[in-house]
Amino acid sequence: MEIYDIAVIGAGPAGCMAAIRGAQLGKNVILLERNNKIGRKLLLTGNGRCNLTNTATLEVFLEKFGRTGSFYRDVFGEFSNQDLMDFFKSHDLELKEEDEGRVFPITEKSKSVVDVLGKVLDEYGVKILYNYRLEHLHKRPKIFKLSSTKNQLITAYNVIIATGGASYKFTGSTGDGFTFAELLGHHITELKPGGVPLLVGEEWVRGLKGVTLDNVGLNIGYGGKIRPLPRGNLLFTHFGISGPVILDMSHIIVEIMDEHGDLKLYIDFKPEIKEKALGVRLMEDFQNHSKKSLRNYLKNHLPQSTIDPILKTISLDPQKKLNQITKKERLQLQETLKALPLTITGHLPLDKALVTCGGVSKKQINPQTMESKLVKKLYFAGEIIEGCGRRGGYNLQQAFSTGYVAGNSASKNNKE
Ligand SMILES: Cc1cc2nc3c(=O)[nH]c(=O)nc-3n(C[C@H](O)[C@H](O)[C@H](O)COP(=O)(O)OP(=O)(O)OC[C@H]3O[C@@H](n4cnc5c(N)ncnc54)[C@H](O)[C@@H]3O)c2cc1C
């Protein structure tokens with residue numbers, strides 16, 4: 001029976017890059033994928049446009065992975081964002097940079113990225129077995145034995161597990177790799193959602209489904225403390241809130257909720273001015289435009305569709321003229337514009353998260369090679385590794401970089 005130099009499990013970005021790198025170095029590589037095509041989740045990324053990396057510096061990259069960031073210093077050094085961009089450009093896919101350094105294919109189609117990976121895998125002669133869902137992975141003294149549901153046995157000197165996380169399961173990433181890793185003695189840290197929409201208790205929010213708040217300030221209140229979050233765009237949904245700033249900050253919010261239960265999120269519609277200055281402005285405006293209705297006036301401060309529901313939360317009649325508003329009501333309005341409270345009661349399940357935070361403990365992986373510290377010639381790449389990055393192309397770069405390094409290191413191993 002043929003013994004492959006490297007068997008890669010999972011044909012997402014991490015697995016494809018690992019297989020490509022191994023084959024580039026002349027190794028006999030087999031790539032096992034449970035779907036009938038590569039990169040099923042990759043196709044969905046960036047709303048179908050694939051934000052494949054970011055032009056940020058290495059230090060920013062590490063920051064975007066929070067506490068697990070320093071683990072990636074060597075990996076991002078060995079295969080950087082520039083290396084990834086060069087890889088795609090050298091295979092005739094032009095890229096473009098958008099705001100906040102986010103990089104997309106010029107075609108604005110994830111399919112172009114998947115197509116390049118498919119073409120290069122083919123070019124280097126990587127054998128791909130589709131519809132092969134790995135079920136068992138055993139380590140023998142010199143080789144690994146792999147078998148699928150159909151008991152198709154494969155043997156390899158090195159194995160790279162790149163099966164992804166456990167969200168958007170319909171794409172094939174059902175968390176199988178965690179089981180293989182665990183059975184081989186690895187610790188799996190708690191699987192938590194990263195980039196997940198939040199549930200809100202207040203009923204009136206549901207009526208605002210689809211409305212976006214641009215560049216609002218946010219503060220979380222819990223256990224008597226207030227913690228500021230970065231500003232950003234927030235989207236109301238039929239169950240609560242989502243949008244870039246929420247998806248970016250959800251891991252922090254979920255962590256606090258795990259400890260403290262329900263919490264308050266305060267929306268600041270006027271983050272650019274202090275509450276006192278807003279108070280003065282409201283007072284002057286109320287004097288200068290005394291005949292205007294409150295609803296009409298608030299168009300300067302709030303998206304139109306939010307005015308009535310927000311005024312309802314403080315029992316203010318939108319039709320009231322500004323000169324009929326009492327001082328107490330004006331102060332109440334001022335407070336609401338600076339800190340509209342929402343009760344966060346939970347989050348959507350892990351399956352609806354953009355990424356899975358948690359996974360194979362990084363303490364058990366060599367950060368220079370991606371090799372397991374427990375099982376020789378076993379490697380991990382991509383989302384299966386503990387921790388997750390922020391939105392902005394950081395997670396895909398992590399998948400490509402760890403894939404490259406795992407493929408590289410596995411290729412340097414002797415067969416014995
Ligand atoms: C909707 C959405 C949008 C996103 N947008 C972006 C973005 O724009 N930019 C960004 O940086 N990140 C984005 N992400 C995150 C990004 O998609 C992931 O970080 C990335 O796909 C992880 O790559 P991976 O190769 O580790 O795993 P995956 O892409 O999940 O690939 C794992 C592969 O392993 C296969 N597999 C699993 N189990 C088995 C088994 N037992 N046998 C054989 N095969 C198996 C799966 O079928 C799958 O093909 C997005 C995620 C989602 C859900």
# chains A, B, ... in the order shown; residues from 1 in each chain; ligands from 1
>>> closest_atom_pairs(of="chain A", to="ligand 1", cutoff="7 Å", atoms="only C-alpha atoms and all ligand atoms", output="tab-separated table")
residue	atom	partner	partner_atom_place_in_ligand_line	distance
A:Ile9	CA	ligand 1	43 (C)	5.3
A:Gly10	CA	ligand 1	34 (O)	3.2
A:Ala11	CA	ligand 1	49 (O)	4.6
A:Gly12	CA	ligand 1	31 (O)	3.4
A:Pro13	CA	ligand 1	25 (O)	4.1
A:Ala14	CA	ligand 1	25 (O)	3.8
A:Gly15	CA	ligand 1	25 (O)	5.5
A:Leu32	CA	ligand 1	43 (C)	5.3
A:Glu33	CA	ligand 1	44 (N)	3.8
A:Arg34	CA	ligand 1	43 (C)	4.1
A:Asn35	CA	ligand 1	47 (O)	5.4
A:Ile38	CA	ligand 1	49 (O)	6.0
A:Gly39	CA	ligand 1	49 (O)	5.4
A:Arg40	CA	ligand 1	49 (O)	5.7
A:Lys41	CA	ligand 1	29 (O)	5.0
A:Leu42	CA	ligand 1	21 (O)	5.2
A:Leu44	CA	ligand 1	1 (C)	5.2
A:Thr45	CA	ligand 1	5 (N)	3.3
A:Gly46	CA	ligand 1	8 (O)	3.2
A:Asn47	CA	ligand 1	3 (C)	6.3
A:Cys50	CA	ligand 1	8 (O)	4.6
A:Asn51	CA	ligand 1	8 (O)	3.8
A:Leu52	CA	ligand 1	9 (N)	5.3
A:Thr53	CA	ligand 1	11 (O)	6.1
A:Tyr132	CA	ligand 1	43 (C)	5.6
A:Arg133	CA	ligand 1	42 (N)	3.6
A:Leu134	CA	ligand 1	42 (N)	3.9
A:Glu135	CA	ligand 1	41 (N)	5.9
A:Ala162	CA	ligand 1	26 (O)	5.4
A:Thr163	CA	ligand 1	34 (O)	3.5
A:Gly164	CA	ligand 1	27 (O)	3.3
A:Gly165	CA	ligand 1	30 (O)	5.8
A:Ser167	CA	ligand 1	53 (C)	6.7
A:Tyr168	CA	ligand 1	53 (C)	5.5
A:Thr171	CA	ligand 1	47 (O)	6.0
A:Gly172	CA	ligand 1	47 (O)	3.4
A:Ser173	CA	ligand 1	37 (C)	4.5
A:Thr174	CA	ligand 1	38 (N)	6.0
A:Gly175	CA	ligand 1	38 (N)	6.4
A:Asp176	CA	ligand 1	38 (N)	5.0
A:Gly177	CA	ligand 1	38 (N)	6.1
A:Ala353	CA	ligand 1	53 (C)	6.5
A:Leu354	CA	ligand 1	53 (C)	4.1
A:Val355	CA	ligand 1	15 (C)	5.5
A:Ala381	CA	ligand 1	26 (O)	6.2
A:Gly382	CA	ligand 1	26 (O)	3.3
A:Glu383	CA	ligand 1	26 (O)	3.9
A:Ile384	CA	ligand 1	26 (O)	6.0
A:Arg391	CA	ligand 1	10 (C)	6.2
A:Gly392	CA	ligand 1	9 (N)	5.9
A:Gly393	CA	ligand 1	11 (O)	3.3
A:Tyr394	CA	ligand 1	11 (O)	4.6
A:Asn395	CA	ligand 1	11 (O)	3.8
A:Leu396	CA	ligand 1	11 (O)	3.6
A:Gln397	CA	ligand 1	11 (O)	6.2
A:Ala399	CA	ligand 1	23 (O)	5.1
>>> residues_around(residues="segment 233-236 of chain A", least_positions_apart="2", cutoff="7 Å", atoms="only C-alpha atoms", output="list in words")
Val205, Leu208, Lys209, Gly210, Val211, Thr212, Leu213, Asp214, Asn215, Val216, Gly240, Ile241, Ser242, Gly243, Pro244, Val245 and Ile246 of chain A
>>> write_last_selection(atoms="C-alpha atoms", output="PDB file, in the first residue's frame")
ATOM      1  CA  VAL A 205     -35.653  46.598  18.979  1.00  0.00           C
ATOM      2  CA  LEU A 208     -36.004  48.231  13.820  1.00  0.00           C
ATOM      3  CA  LYS A 209     -34.801  45.125  11.973  1.00  0.00           C
ATOM      4  CA  GLY A 210     -32.449  46.142   9.135  1.00  0.00           C
ATOM      5  CA  VAL A 211     -31.705  49.646  10.485  1.00  0.00           C
ATOM      6  CA  THR A 212     -28.007  50.551  10.791  1.00  0.00           C
ATOM      7  CA  LEU A 213     -26.528  53.026  13.267  1.00  0.00           C
ATOM      8  CA  ASP A 214     -23.345  54.536  11.864  1.00  0.00           C
ATOM      9  CA  ASN A 215     -20.275  55.060  14.027  1.00  0.00           C
ATOM     10  CA  VAL A 216     -22.006  54.909  17.396  1.00  0.00           C
ATOM     11  CA  GLY A 240     -31.249  41.807  18.640  1.00  0.00           C
ATOM     12  CA  ILE A 241     -28.085  43.397  17.294  1.00  0.00           C
ATOM     13  CA  SER A 242     -25.305  42.582  14.885  1.00  0.00           C
ATOM     14  CA  GLY A 243     -23.134  44.583  12.470  1.00  0.00           C
ATOM     15  CA  PRO A 244     -19.371  45.105  12.307  1.00  0.00           C
ATOM     16  CA  VAL A 245     -18.788  46.559  15.778  1.00  0.00           C
ATOM     17  CA  ILE A 246     -20.882  43.872  17.481  1.00  0.00           C
TER      18      ILE A 246
END
>>> residues_around(residues="segment 247-261 of chain A", least_positions_apart="5", cutoff="6 Å", atoms="only C-alpha atoms", output="list in words")
Gly194, Gly195, Val196 and Arg390 of chain A
>>> residues_around(residues="Ala56 of chain A", least_positions_apart="6", cutoff="9 Å", atoms="only C-alpha atoms", output="ChimeraX atom specification")
/A:81,100-102
>>> write_last_selection(atoms="N, CA and C atoms", output="JSON list (two decimals), in the first residue's frame")
[["chain", "number", "residue", "atom", "x", "y", "z"],
["A", 81, "ASN", "N", 1.42, 38.48, 5.44],
["A", 81, "ASN", "CA", 0.35, 38.99, 4.57],
["A", 81, "ASN", "C", 0.90, 39.32, 3.18],
["A", 100, "GLU", "N", -9.54, 50.26, 6.24],
["A", 100, "GLU", "CA", -8.93, 49.54, 7.37],
["A", 100, "GLU", "C", -7.97, 48.43, 6.92],
["A", 101, "GLY", "N", -7.40, 48.59, 5.73],
["A", 101, "GLY", "CA", -6.37, 47.66, 5.25],
["A", 101, "GLY", "C", -6.90, 46.32, 4.77],
["A", 102, "ARG", "N", -8.22, 46.19, 4.64],
["A", 102, "ARG", "CA", -8.77, 44.88, 4.25],
["A", 102, "ARG", "C", -8.48, 44.60, 2.77]]
>>> residues_around(residues="Phe144 of chain A", least_positions_apart="5", cutoff="12 Å", atoms="only C-alpha atoms", output="NGL selection string")
:A and (3-8 or 136-139 or 153-160 or 184 or 375-378 or 415)
>>> write_last_selection(atoms="N, CA and C atoms", output="mmCIF file, in the first residue's frame")
data_model
loop_
_atom_site.group_PDB
_atom_site.id
_atom_site.type_symbol
_atom_site.label_atom_id
_atom_site.label_comp_id
_atom_site.auth_asym_id
_atom_site.auth_seq_id
_atom_site.Cartn_x
_atom_site.Cartn_y
_atom_site.Cartn_z
ATOM 1 N N ILE A 3 2.372 4.676 0.901
ATOM 2 C CA ILE A 3 2.433 5.498 2.122
ATOM 3 C C ILE A 3 2.735 6.933 1.686
ATOM 4 N N TYR A 4 1.799 7.832 1.949
ATOM 5 C CA TYR A 4 1.999 9.235 1.550
ATOM 6 C C TYR A 4 2.978 9.908 2.501
ATOM 7 N N ASP A 5 3.698 10.891 1.957
ATOM 8 C CA ASP A 5 4.577 11.669 2.839
ATOM 9 C C ASP A 5 3.701 12.466 3.810
ATOM 10 N N ILE A 6 2.659 13.073 3.257
ATOM 11 C CA ILE A 6 1.794 13.926 4.094
ATOM 12 C C ILE A 6 0.319 13.679 3.741
ATOM 13 N N ALA A 7 -0.502 13.464 4.771
ATOM 14 C CA ALA A 7 -1.958 13.455 4.557
ATOM 15 C C ALA A 7 -2.505 14.707 5.237
ATOM 16 N N VAL A 8 -3.253 15.505 4.467
ATOM 17 C CA VAL A 8 -3.856 16.720 5.026
ATOM 18 C C VAL A 8 -5.352 16.469 5.155
ATOM 19 N N HIS A 136 -11.402 7.888 11.593
ATOM 20 C CA HIS A 136 -10.423 7.377 12.559
ATOM 21 C C HIS A 136 -9.020 7.792 12.165
ATOM 22 N N LEU A 137 -8.272 8.189 13.176
ATOM 23 C CA LEU A 137 -6.875 8.567 12.956
ATOM 24 C C LEU A 137 -6.047 7.890 14.032
ATOM 25 N N HIS A 138 -5.183 6.971 13.607
ATOM 26 C CA HIS A 138 -4.363 6.231 14.585
ATOM 27 C C HIS A 138 -2.894 6.455 14.327
ATOM 28 N N LYS A 139 -2.157 6.575 15.390
ATOM 29 C CA LYS A 139 -0.704 6.719 15.256
ATOM 30 C C LYS A 139 -0.072 5.368 15.539
ATOM 31 N N LEU A 153 -8.773 2.870 3.720
ATOM 32 C CA LEU A 153 -7.586 3.063 4.557
ATOM 33 C C LEU A 153 -6.501 3.831 3.825
ATOM 34 N N ILE A 154 -5.933 4.811 4.532
ATOM 35 C CA ILE A 154 -4.839 5.601 3.971
ATOM 36 C C ILE A 154 -3.715 5.606 4.991
ATOM 37 N N THR A 155 -2.486 5.550 4.517
ATOM 38 C CA THR A 155 -1.357 5.611 5.452
ATOM 39 C C THR A 155 -0.440 6.767 5.063
ATOM 40 N N ALA A 156 0.136 7.410 6.074
ATOM 41 C CA ALA A 156 0.999 8.571 5.813
ATOM 42 C C ALA A 156 2.027 8.707 6.922
ATOM 43 N N TYR A 157 3.178 9.283 6.556
ATOM 44 C CA TYR A 157 4.222 9.523 7.566
ATOM 45 C C TYR A 157 3.886 10.740 8.434
ATOM 46 N N ASN A 158 3.255 11.736 7.809
ATOM 47 C CA ASN A 158 2.900 12.975 8.529
ATOM 48 C C ASN A 158 1.419 13.273 8.310
ATOM 49 N N VAL A 159 0.793 13.830 9.328
ATOM 50 C CA VAL A 159 -0.620 14.219 9.174
ATOM 51 C C VAL A 159 -0.794 15.674 9.604
ATOM 52 N N ILE A 160 -1.539 16.417 8.788
ATOM 53 C CA ILE A 160 -1.874 17.803 9.156
ATOM 54 C C ILE A 160 -3.387 17.882 9.333
ATOM 55 N N LEU A 184 -5.967 11.801 20.628
ATOM 56 C CA LEU A 184 -4.505 11.667 20.615
ATOM 57 C C LEU A 184 -3.875 12.412 21.797
ATOM 58 N N VAL A 375 2.437 14.492 19.941
ATOM 59 C CA VAL A 375 2.489 13.419 18.942
ATOM 60 C C VAL A 375 3.395 13.870 17.804
ATOM 61 N N LYS A 376 4.492 13.202 17.631
ATOM 62 C CA LYS A 376 5.445 13.580 16.584
ATOM 63 C C LYS A 376 4.802 13.402 15.208
ATOM 64 N N LYS A 377 5.130 14.322 14.298
ATOM 65 C CA LYS A 377 4.687 14.284 12.895
ATOM 66 C C LYS A 377 3.186 14.544 12.723
ATOM 67 N N LEU A 378 2.563 15.012 13.795
ATOM 68 C CA LEU A 378 1.165 15.453 13.700
ATOM 69 C C LEU A 378 1.165 16.978 13.800
ATOM 70 N N LYS A 415 11.453 10.097 6.884
ATOM 71 C CA LYS A 415 10.368 9.112 6.929
ATOM 72 C C LYS A 415 10.435 8.272 8.208
#
>>> select_by_dssp(residues="segment 40-186 of chain A", states="helix (DSSP H, G or I)", output="MDAnalysis selection string")
chainID A and resid 42:48 58:63 66:78 81:90 99:101 110:123 169:171 176:183
>>> residues_around(residues="Tyr379 of chain A", least_positions_apart="2", cutoff="6 Å", atoms="only C-alpha atoms", output="count of residues only")
4
>>> residues_around(residues="segment 64-67 of chain A", least_positions_apart="2", cutoff="7 Å", atoms="only C-alpha atoms", output="JSON list (two decimals) with N, CA and C atoms, in the first residue's frame")
[["chain", "number", "residue", "atom", "x", "y", "z"],
["A", 60, "VAL", "N", 0.16, 44.69, 14.75],
["A", 60, "VAL", "CA", -1.31, 44.82, 14.74],
["A", 60, "VAL", "C", -1.94, 43.43, 14.57],
["A", 61, "PHE", "N", -1.36, 42.63, 13.68],
["A", 61, "PHE", "CA", -1.86, 41.26, 13.49],
["A", 61, "PHE", "C", -1.91, 40.52, 14.83],
["A", 62, "LEU", "N", -0.82, 40.59, 15.57],
["A", 62, "LEU", "CA", -0.75, 39.85, 16.84],
["A", 62, "LEU", "C", -1.80, 40.37, 17.81],
["A", 69, "GLY", "N", -2.26, 36.04, 20.61],
["A", 69, "GLY", "CA", -1.51, 36.71, 19.54],
["A", 69, "GLY", "C", -0.04, 36.32, 19.44],
["A", 387, "GLY", "N", -8.23, 29.97, 20.02],
["A", 387, "GLY", "CA", -8.17, 31.43, 19.82],
["A", 387, "GLY", "C", -8.75, 31.82, 18.48],
["A", 388, "CYS", "N", -9.04, 33.11, 18.35],
["A", 388, "CYS", "CA", -9.54, 33.58, 17.06],
["A", 388, "CYS", "C", -9.21, 35.06, 16.90],
["A", 389, "GLY", "N", -9.16, 35.48, 15.66],
["A", 389, "GLY", "CA", -8.82, 36.87, 15.38],
["A", 389, "GLY", "C", -10.08, 37.69, 15.16],
["A", 390, "ARG", "N", -9.87, 38.99, 15.04],
["A", 390, "ARG", "CA", -10.98, 39.90, 14.74],
["A", 390, "ARG", "C", -11.31, 39.83, 13.26]]
>>> select_by_dssp(residues="segment 216-303 of chain A", states="strand (DSSP E or B)", output="list in words")
Val216, Gly217, Leu218, Asn219, Ile220, Gly221, Tyr222, Lys225, Ile226, Arg227, Pro228, Leu229, Pro230, Arg231, Gly232, Asn233, Leu234, Leu235, Phe236, Gly240, Ile241, Ser242, Leu263, Lys264, Leu265, Tyr266, Ile267, Asp268 and Ser293 of chain A
>>> atom_distance(atom1="atom CA of Ala19 of chain A", atom2="atom CA of Leu129 of chain A")
12.4 Å
>>> closest_residue(among="A:Thr179, A:Gln334, A:Thr369, A:Asn36", to="Lys276 of chain A", atoms="only C-alpha atoms")
A:Gln334
>>> closest_residue(among="A:Glu275, A:Glu329, A:Asp74, A:Glu335", to="Leu294 of chain A", atoms="only C-alpha atoms")
A:Glu329
>>> closest_residue(among="A:Glu123, A:Pro349, A:Gln324, A:Asp308", to="Ser290 of chain A", atoms="only C-alpha atoms")
A:Gln324
